[in-house]
Every structure is written in C-alpha cells, then in structure tokens.
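Next comes coords_9.pdb, a file with PDB, C-alpha atoms, pLDDT in the B column.
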```pdb
MODEL        1
ATOM      1  CA  ARG A   1     -12.764  -8.891  38.469  1.00 88.00           C
ATOM      2  CA  VAL A   2      -9.358  -7.369  37.708  1.00 90.00           C
ATOM      3  CA  PRO A   3      -8.099  -7.423  34.102  1.00 89.00           C
ATOM      4  CA  LEU A   4      -4.732  -9.206  33.859  1.00 93.00           C
ATOM      5  CA  ARG A   5      -2.079  -8.529  31.213  1.00 92.00           C
ATOM      6  CA  THR A   6       1.251 -10.266  30.578  1.00 91.00           C
ATOM      7  CA  CYS A   7       4.480  -8.258  30.787  1.00 92.00           C
ATOM      8  CA  ALA A   8       6.461  -8.248  27.502  1.00 89.00           C
ATOM      9  CA  GLY A   9       9.667  -8.206  29.568  1.00 90.00           C
ATOM     10  CA  CYS A  10       9.348 -10.863  32.259  1.00 91.00           C
ATOM     11  CA  GLY A  11       6.311 -12.741  30.954  1.00 91.00           C
ATOM     12  CA  VAL A  12       4.532 -12.606  34.323  1.00 94.00           C
ATOM     13  CA  PRO A  13       0.829 -11.687  34.303  1.00 95.00           C
ATOM     14  CA  GLY A  14      -0.318  -8.824  36.495  1.00 94.00           C
ATOM     15  CA  PRO A  15      -3.165  -6.350  36.950  1.00 95.00           C
ATOM     16  CA  ARG A  16      -3.431  -3.987  34.000  1.00 90.00           C
ATOM     17  CA  SER A  17      -3.108  -1.029  36.378  1.00 89.00           C
ATOM     18  CA  ASP A  18       0.447  -2.169  37.343  1.00 92.00           C
ATOM     19  CA  LEU A  19       1.753  -2.190  33.762  1.00 91.00           C
ATOM     20  CA  ARG A  20       2.496   0.436  31.093  1.00 90.00           C
ATOM     21  CA  ARG A  21       0.938   0.006  27.656  1.00 88.00           C
ATOM     22  CA  LEU A  22       2.935  -0.039  24.416  1.00 85.00           C
ATOM     23  CA  ALA A  23       1.349   0.183  20.978  1.00 83.00           C
ATOM     24  CA  LEU A  24       2.451   0.285  17.364  1.00 77.00           C
ATOM     25  CA  GLY A  25       2.942   3.797  16.042  1.00 75.00           C
ATOM     26  CA  SER A  26       0.936   5.147  13.130  1.00 73.00           C
ATOM     27  CA  ASP A  27       3.698   4.051  10.725  1.00 72.00           C
ATOM     28  CA  GLY A  28       3.291   0.429  11.856  1.00 66.00           C
ATOM     29  CA  ALA A  29       7.038   0.059  12.455  1.00 64.00           C
ATOM     30  CA  THR A  30       7.719   1.953  15.677  1.00 68.00           C
ATOM     31  CA  VAL A  31       6.445   1.341  19.192  1.00 72.00           C
ATOM     32  CA  GLU A  32       5.325   4.109  21.532  1.00 73.00           C
ATOM     33  CA  TRP A  33       3.763   4.554  24.970  1.00 75.00           C
ATOM     34  CA  ARG A  34       0.031   4.873  24.489  1.00 75.00           C
ATOM     35  CA  GLU A  35      -3.052   4.867  26.671  1.00 71.00           C
ATOM     36  CA  ARG A  36      -5.419   3.512  24.047  1.00 65.00           C
ATOM     37  CA  GLY A  37      -5.880   2.806  20.379  1.00 71.00           C
ATOM     38  CA  GLY A  38      -4.099   0.292  18.180  1.00 70.00           C
ATOM     39  CA  ARG A  39      -2.658  -3.131  18.900  1.00 76.00           C
ATOM     40  CA  GLY A  40      -0.866  -3.104  22.232  1.00 83.00           C
ATOM     41  CA  THR A  41       1.219  -4.995  24.757  1.00 87.00           C
ATOM     42  CA  TYR A  42       2.244  -4.251  28.347  1.00 89.00           C
ATOM     43  CA  LEU A  43       5.430  -3.809  30.377  1.00 90.00           C
ATOM     44  CA  HIS A  44       6.119  -3.575  34.126  1.00 92.00           C
ATOM     45  CA  ASP A  45       7.913  -0.378  35.153  1.00 88.00           C
ATOM     46  CA  ALA A  46      10.672  -2.427  36.849  1.00 91.00           C
ATOM     47  CA  VAL A  47      14.237  -1.975  35.543  1.00 91.00           C
ATOM     48  CA  ASP A  48      14.666  -5.758  35.254  1.00 92.00           C
ATOM     49  CA  CYS A  49      11.595  -6.030  33.021  1.00 92.00           C
ATOM     50  CA  ARG A  50      12.884  -3.191  30.843  1.00 90.00           C
ATOM     51  CA  ARG A  51      16.223  -4.975  30.382  1.00 91.00           C
ATOM     52  CA  LYS A  52      14.497  -8.206  29.396  1.00 91.00           C
ATOM     53  CA  PHE A  53      12.224  -6.304  27.013  1.00 88.00           C
ATOM     54  CA  VAL A  54      15.211  -4.667  25.284  1.00 88.00           C
ATOM     55  CA  SER A  55      17.227  -7.882  25.009  1.00 88.00           C
ATOM     56  CA  GLY A  56      14.249 -10.011  23.950  1.00 79.00           C
ATOM     57  CA  LYS A  57      14.228 -11.429  20.439  1.00 73.00           C
ATOM     58  CA  ARG A  58      10.713 -12.790  20.279  1.00 70.00           C
ATOM     59  CA  ARG A  59       7.711 -11.112  18.743  1.00 72.00           C
ATOM     60  CA  LEU A  60       5.828  -8.884  21.124  1.00 74.00           C
ATOM     61  CA  PRO A  61       2.574 -10.355  22.407  1.00 66.00           C
ATOM     62  CA  GLY A  62      -0.446  -8.359  21.339  1.00 77.00           C
ATOM     63  CA  LEU A  63       1.420  -6.396  18.672  1.00 77.00           C
ATOM     64  CA  ARG A  64       1.817  -9.272  16.234  1.00 75.00           C
ATOM     65  CA  ALA A  65       4.997  -7.597  15.065  1.00 75.00           C
ATOM     66  CA  SER A  66       8.741  -7.757  15.520  1.00 77.00           C
ATOM     67  CA  VAL A  67      10.419  -4.642  16.855  1.00 79.00           C
ATOM     68  CA  SER A  68      14.143  -3.956  16.450  1.00 81.00           C
ATOM     69  CA  ARG A  69      16.441  -3.817  19.446  1.00 84.00           C
ATOM     70  CA  GLU A  70      17.213  -0.175  18.619  1.00 86.00           C
ATOM     71  CA  ALA A  71      13.516   0.734  18.718  1.00 82.00           C
ATOM     72  CA  ARG A  72      13.115  -1.070  22.058  1.00 84.00           C
ATOM     73  CA  GLU A  73      16.141   0.729  23.520  1.00 87.00           C
ATOM     74  CA  ALA A  74      14.819   4.118  22.376  1.00 85.00           C
ATOM     75  CA  LEU A  75      11.411   3.408  23.863  1.00 82.00           C
ATOM     76  CA  VAL A  76      12.777   2.312  27.239  1.00 84.00           C
ATOM     77  CA  GLY A  77      15.278   5.196  27.203  1.00 83.00           C
ATOM     78  CA  SER A  78      12.402   7.655  26.886  1.00 79.00           C
ATOM     79  CA  LEU A  79      11.259   6.640  30.386  1.00 72.00           C
ATOM     80  CA  GLY A  80      14.488   7.636  32.107  1.00 64.00           C
ATOM     81  CA  GLU A  81      15.624   5.857  35.232  1.00 53.00           C
ATOM     82  CA  THR A  82      13.049   4.810  37.816  1.00 46.00           C
ATOM     83  CA  SER A  83      13.255   2.521  40.801  1.00 41.00           C
ATOM     84  CA  ASP A  84      11.808  -0.963  41.033  1.00 43.00           C
ATOM     85  CA  ALA A  85       9.197   0.298  43.485  1.00 40.00           C
ATOM     86  CA  GLY A  86       5.791  -0.146  41.950  1.00 43.00           C
ATOM     87  CA  GLY A  87       7.142  -2.649  39.453  1.00 44.00           C
ATOM     88  CA  ARG A  88       6.815  -6.399  39.375  1.00 42.00           C
ATOM     89  CA  ARG A  89       6.224  -8.083  42.705  1.00 38.00           C
TER      90      ARG A  89
ENDMDL
END
```
In structure tokens, what does this structure look like?
Amino acid sequence: RVPLRTCAGCGVPGPRSDLRRLALGSDGATVEWRERGGRGTYLHDAVDCRRKFVSGKRRLPGLRASVSREAREALVGSLGETSDAGGRR
C-alpha cells in the first residue's frame, strides 16, 4: 500500500514519495520545507504546481492556516528553478 497525498498546487493526489512536504514554522505564521514534525501539506516539484501554489488563495490542506502570497513566493523561490521531470505525471 502506497500512501497518497494531495498536491497543494494542482490538487491531484500522488504517492507521498513524489511530493515535497511543507509545514508551518515554529512561529505558526511561516511555511518551510520540512521532513517531519508539525502540521503539513505537500507539493509536486513541477513548475506548474509551484505557480498554482503561489497564486492560490485558498487555505492550505493539512495546515489549517492561510499563508500570504509573499510567504508562498519566498518558499517556492528557495527551491530555485528545476525542470518538470520528476514532477506531476
């Protein structure tokens, strides 16, 4: 059995191993890349998913919190540019 998680960008479920995990920071207001601990949500590594994540206005699933557009942009910007290979299929 493979654990499935839903991408916060595109909304498509996928194997947990294909997504990156985001979690609330210790201040409860910022979001950071994290392997474990705290409330979390997931995002495909695909550029398209990142764009949808940044432009999204809804609450993030799993976090039960709203995150500003600026915080989302900073988080995605910390990844740098990667290709869509290995992202959503």
- Query: Mind telling me what the PyMOL selection byres ((chain A and resi 71-78) around 7) catches here, as a ChimeraX atom specification?
  - Reply: /A:30,32,50,54,67-70,79-80
- Item | Output of the PyMOL selection byres ((chain A and resi 20) around 12), listed as a ChimeraX atom specification | /A:5-9,14-19,21-23,32-36,40-46,49-50,75-76,79,86-88
- Query: Can you tell me how far CA of Arg51 (chain A) sits from CA of Ala65 (chain A), in Å to one decimal?
  - Reply: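 For CA of Arg51 (chain A) relative to CA of Ala65 (chain A), the distance reads 19.2 Å.
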- Atomic separation - CA of Ser55 (chain A) relative to CA of Gly37 (chain A), Å: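 Taking CA of Gly37 (chain A) as the start and CA of Ser55 (chain A) as the end point, the length is 25.9 Å.
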- Message: Counting all atoms listed in the file, which residues sit no farther than 10 Å from the position (6.9, -14.2, 26.3) in the file's frame? I'd like them as JSON, numbers by chain.
- Response: {"A": [6, 7, 8, 9, 10, 11, 12, 53, 56, 57, 58, 59, 60, 61]}
Could you write out as lines of an AutoDock Vina configuration file the box around region 4-8 of chain A (axis-aligned, all atoms listed in the file, 6 Å on each side), with centre and edge lengths in Å to one decimal?
```
center_x = 0.9
center_y = -9.3
center_z = 30.7
size_x = 23.2
size_y = 14.0
size_z = 18.4
```
